[in-house]
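Chemist: Before anything else, here's the structure in question.
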Amino acid sequence: MTLRRGLAALGVVLVAGLLAALAVLRASLPQREGELRSAALAAAVEVRFDARARPYVRAGSFADALFAQGVLHARERLFQMELLRRAGRGRLAEALGAGLLDSDVELWRSGVPQLAARLEANARPETLVLVERYVAGVNAALAALPVRPPDLLLAAIEVRPWEPRDVFAVGALMAFDSARNRSDEQLRWALSQALSPAELAAFLPDETAIPDFPWVVSAEAAARTLRRGDALDAAQRAGLPSASLGSNGWAVAPGRARGGHALFAFDSHDALALPNLFYEVHLFFRDGAEPAQVRGWGVAGLPGVINGFNEGAAWGLTNIGDTQDLFLEVRHPEDPLRFRDGAAWKVARRERVEIPVRGRAEPERIEILHTHHGPLVVDDPPLALAWTAHRIGDRGLDALLALNRATRCAALDRALDDFAAPSTNLSCADVDGHVSVRTAGLLPRRGRGSGLLPQRGDDPAAAWQGLVPVDAQPRSVDPASGFAAAANARVSPPGAGPLVSAENAPGYRMGRIRDVLAARRDHDVASMQALQMDWHNGQAERVLPALLAGLDKGLLEGRGSEARRLLEAWRAAPVNAPESAAALVFERWYLALAHELFAERLGEELFARLLRRNYLMNHAVDGLLLADEASPWWRGERSARIRAAFAAAVDGLAAELGSGPSAWRWDALQAVHLEHELAKAVPWLGAWLSRGPRPWGGGAATVGRAAHRYDRPHFVNRAATVRVVAELSRPPRVLAVIPGGQSGHPLDRHYADQLDAWLAGALEPLAQRFEELPPGGLRLLPASGAR
């Protein structure tokens, strides 16, 4: 009896503890009703929410609207904001411990916190006023939070009040994460030390010439530089947030639109995560005497939106451009601070940095050397990073807020003239029927090479020769085709204008977008939505005939013969549909061929790194299949290698799935995963914080993107972090969806409430006017009362 009573008492204690913990967690849920007062407000602000917790803000000024946005960001996405600002300031280890110290060190060596400081120093007075009002909103929400959200409690992170420099740190991090061609350049350099020139040619897009180095750096030394970069790989480093941008974007002129209005479609391809990278917001305010809007999808920690629309225009930013180069410096044999520049020796600038580390009494102290090209990101061999963001002059974040307020494509174009980083393609449509796409952001004028391999640091002729003038940046305004588009592919042919980048996505998505848009003159919202979910595999359309030509039908039997017949039937219309067996066979055959061609020759480390760089591997494998039958990679046995890869793929799938190929499905292995940052560090938390796997179709080469890294096949972790379609009527009619939800709180019903719609390709209409939202919600009032 005593034992029973003891167990009963223990049960009561446990239940009471659980209920208390639950009550604490519920107290940390985002509040979407009630009042909040602040002396920073000039007038009352009203916030209403739709059924998905999308906020619609009505304010008397843009500054007060941004105050409200700061409140919303802090209430909904505080953990995400904390990681982003700490990464941008190189202070992750202060919150998360020594495991993130090497990431902090590499961010400092690359110049990210230094860029943040420069952006703040360059900000115009009117921009600082807006940033300060946004920060005041963040801090007002922090002060009113009764309990920190559970992810912050689990990580035991102390959240300090925000400062304007935190906003600029988030901007600097996004510029860096969207610009890291450096990783491919370092890998290609390591390959150049391990391979013959003929073998290396497969990894040089556009048949770029190999720089003629007068010395040889050991393959081990080149590989060592790659390991330093691992600290910046967010996919492998729990706690390091990813803020890079990729995308599809297109605009259709009224002459190709059924309704007579321009159409706009955009989907940003970024790392899938919970919470989602983007937070949606709708700001309605007065610009002087006139009503105005800023609406769309921004990042928590930045005021305004990145991709969005207003009363007159819709726009989206698509990542493009190679703005980073590496230079192999020559150090003076007797003075480690001097580096050769032609006949002269230049003294490097020394920068000393202290990095706080959680659990340590003393900070980590590092020294960064800045050569005439840029900071040394590797000491041995001395490798310097040149990045256009180190050369922004007097530019800052002003252009981003100016972009938000531009209500026509021409005004957007003018705002982008001051845009510094990251380099981007902006697609636009407006209510006057104009459509355009242009490249923006600082681009280097290279003295030698095309940015694919490190250059000699001691040769002045190899150095950057300034920046591409703004008026020379590629752009297309109201093209005769009736549409403008961008999809991370090469902007222009060699020799036609400045080099934006020789390192681009293969043109499969861009080609499909162009073909579909050109095929009809009656596009509408539905056709735009269908194209966003188009799973036509342009890569398979191009390379599958070459693969099938390598098979000898007479040598195939059983599963192999059945798999070949499926592929033969599929090649006429290669679609990565969830139920497709042929799509699965093709994707696995392609990966098996990469193993067959490269694994043994490259060795374990270099091949593993190649599998993480999809575009680099795609250019190599596709080029070998389509153009270079005499390459030494075939070793004179092209058909034999193709057959061996096919057999390995079919046998591997049979071992995993059993039965015959006709019963296989693409979505039996391919699935979407949305991981929370904490679940990367503590996997069992994923059952609560993450979502997935969710079976899905598409692929890396389809317009409806479902990308995985080849070292984690079928694990889709990069896709559309927002899909939006707009008809530029007056007012614009807009539909959108994000994966996950608006909230960053795992107990909130809006944490992942849009995921099912996103997976189905559905879009949900957004209110055109503030008054369409039901009354109630949140009221933000000046401390002395509403005026």
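To be explicit about the labels: the chains of the structure tokens are called A, B, and onward in the order shown, and within each one the residues are counted from 1, while ligands get numbers from 1 in the order they are shown.
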Give me the residues within 8 Å of segment 744-754 of chain A as a tab-separated table (two decimals) with C-alpha atoms, in the first residue's frame, counting only C-alpha atoms and dropping any in the same chain fewer than 3 places off.
Modeler:
chain	number	residue	atom	x	y	z
A	25	LEU	CA	5.66	27.16	-22.81
A	26	ARG	CA	2.17	28.38	-23.62
A	29	LEU	CA	3.34	31.74	-27.57
A	30	PRO	CA	3.16	34.77	-29.89
A	52	ARG	CA	-2.68	31.97	-41.57
A	53	ALA	CA	-1.44	34.59	-39.07
A	76	GLU	CA	7.26	35.25	-34.02
A	77	ARG	CA	10.89	34.54	-34.93
A	78	LEU	CA	13.13	35.41	-31.96
A	79	PHE	CA	15.39	32.34	-32.07
A	80	GLN	CA	15.94	32.75	-35.81
A	149	PRO	CA	10.30	30.77	-26.73
A	150	PRO	CA	11.20	27.09	-26.14
A	151	ASP	CA	14.06	26.91	-28.64
A	274	LEU	CA	11.55	25.54	-39.58
A	275	PRO	CA	10.95	28.32	-39.15
A	688	TRP	CA	8.94	17.95	-32.11
A	689	LEU	CA	10.73	20.74	-33.94
A	737	VAL	CA	2.34	30.24	-49.96
A	738	ILE	CA	5.38	29.41	-47.84
A	739	PRO	CA	6.55	26.04	-46.51
A	740	GLY	CA	5.99	25.76	-42.80
A	741	GLY	CA	4.20	28.79	-41.39
A	757	ALA	CA	-0.83	23.60	-49.29
A	758	TRP	CA	2.81	24.15	-50.29
Chemist: Record the distance separating atom CA of Glu35 of chain A and atom CA of Pro782 of chain A, expressed in Å with one decimal.
Modeler: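 Separating atom CA of Glu35 of chain A from atom CA of Pro782 of chain A is a distance of 10.5 Å.
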Chemist: List as a ChimeraX atom specification the protein and nucleic acid residues near Leu602 of chain A, meaning an atom at most 12 Å away when only C-alpha atoms are counted, but skip any in the same chain fewer than 2 places from it.
Modeler: /A:187-188,190-196,199-200,219,223,594-600,604-611,633
Chemist: Would you mind exporting C-alpha atoms of the selected residues as a PDB file, in the first residue's frame?
Modeler:
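After the write, result-v3.pdb holds the following:
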ATOM      1  CA  LEU A 187      37.443  22.898 -54.739  1.00  0.00           C
ATOM      2  CA  ARG A 188      38.376  23.492 -58.356  1.00  0.00           C
ATOM      3  CA  ALA A 190      42.246  21.400 -55.206  1.00  0.00           C
ATOM      4  CA  LEU A 191      41.161  19.445 -58.279  1.00  0.00           C
ATOM      5  CA  SER A 192      43.701  21.320 -60.394  1.00  0.00           C
ATOM      6  CA  GLN A 193      46.503  20.092 -58.113  1.00  0.00           C
ATOM      7  CA  ALA A 194      45.350  16.475 -58.275  1.00  0.00           C
ATOM      8  CA  LEU A 195      44.402  16.166 -61.977  1.00  0.00           C
ATOM      9  CA  SER A 196      45.950  16.583 -65.387  1.00  0.00           C
ATOM     10  CA  GLU A 199      41.003  15.872 -66.697  1.00  0.00           C
ATOM     11  CA  LEU A 200      40.487  19.286 -65.091  1.00  0.00           C
ATOM     12  CA  ALA A 219      47.500  18.636 -53.433  1.00  0.00           C
ATOM     13  CA  ALA A 223      42.855  20.289 -49.822  1.00  0.00           C
ATOM     14  CA  ALA A 594      29.466  10.167 -61.268  1.00  0.00           C
ATOM     15  CA  HIS A 595      30.756   7.502 -58.877  1.00  0.00           C
ATOM     16  CA  GLU A 596      31.976   5.398 -61.797  1.00  0.00           C
ATOM     17  CA  LEU A 597      33.800   8.303 -63.416  1.00  0.00           C
ATOM     18  CA  PHE A 598      35.275  10.228 -60.505  1.00  0.00           C
ATOM     19  CA  ALA A 599      35.328   8.331 -57.196  1.00  0.00           C
ATOM     20  CA  GLU A 600      38.474   6.269 -57.608  1.00  0.00           C
ATOM     21  CA  GLU A 604      37.546   9.819 -50.838  1.00  0.00           C
ATOM     22  CA  GLU A 605      37.892  13.424 -49.662  1.00  0.00           C
ATOM     23  CA  LEU A 606      37.796  15.216 -53.011  1.00  0.00           C
ATOM     24  CA  PHE A 607      34.944  13.077 -54.318  1.00  0.00           C
ATOM     25  CA  ALA A 608      32.925  13.632 -51.149  1.00  0.00           C
ATOM     26  CA  ARG A 609      33.372  17.377 -51.617  1.00  0.00           C
ATOM     27  CA  LEU A 610      32.371  17.186 -55.274  1.00  0.00           C
ATOM     28  CA  LEU A 611      29.105  15.510 -54.241  1.00  0.00           C
ATOM     29  CA  TRP A 633      37.569  10.358 -67.779  1.00  0.00           C
TER      30      TRP A 633
END
Chemist: Among segment 466-642 of chain A, which residues does DSSP mark as strand (DSSP E) when it is run on the backbone? Keep the chain and numbering as in the structure and answer as a list in words.
Modeler: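 Of segment 466-642 of chain A, only Arg475, Ser476, Val477, Phe483, Ala484, Ala485 and Ala486 of chain A fall in strand (DSSP E).
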Chemist: Step one, run DSSP on the backbone; step two, keep only residues of segment 545-641 of chain A assigned to alpha helix (DSSP H); then write them as a PyMOL selection string.
Modeler: chain A and resi 545-549+559-570+581-594+600-610+614-626+638-641
Chemist: Fewer than 4 positions away in the same chain doesn't count, so skip those; otherwise give me all residues within 8 Å of segment 763-765 of chain A, counting only C-alpha atoms, as a PyMOL selection string.
Modeler: chain A and resi 529+723-724+733-737+757-758
Chemist: The selected residues should be written to file as a compact mmCIF listing (two decimals), in the first residue's frame (atoms: C-alpha atoms).
Modeler:
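Here's the written file out15.txt:
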# COMPACT_ATOMS: atom_id res chain seq x y z
CA GLN A 529 1.03 28.68 -60.83
CA ARG A 723 5.85 30.99 -54.11
CA VAL A 724 4.01 34.05 -55.28
CA ARG A 733 -4.19 40.56 -57.13
CA VAL A 734 -1.64 38.34 -55.37
CA LEU A 735 -1.57 34.70 -54.24
CA ALA A 736 1.22 33.06 -52.24
CA VAL A 737 2.34 30.24 -49.96
CA ALA A 757 -0.83 23.60 -49.29
CA TRP A 758 2.81 24.15 -50.29
Chemist: Need to verify the contact set: Arg360 of chain A, 10 Å, only C-alpha atoms, exclusion of same-chain residues closer than 5 positions in sequence. Can you return it as a PyMOL selection string?
Modeler: chain A and resi 94+97-98
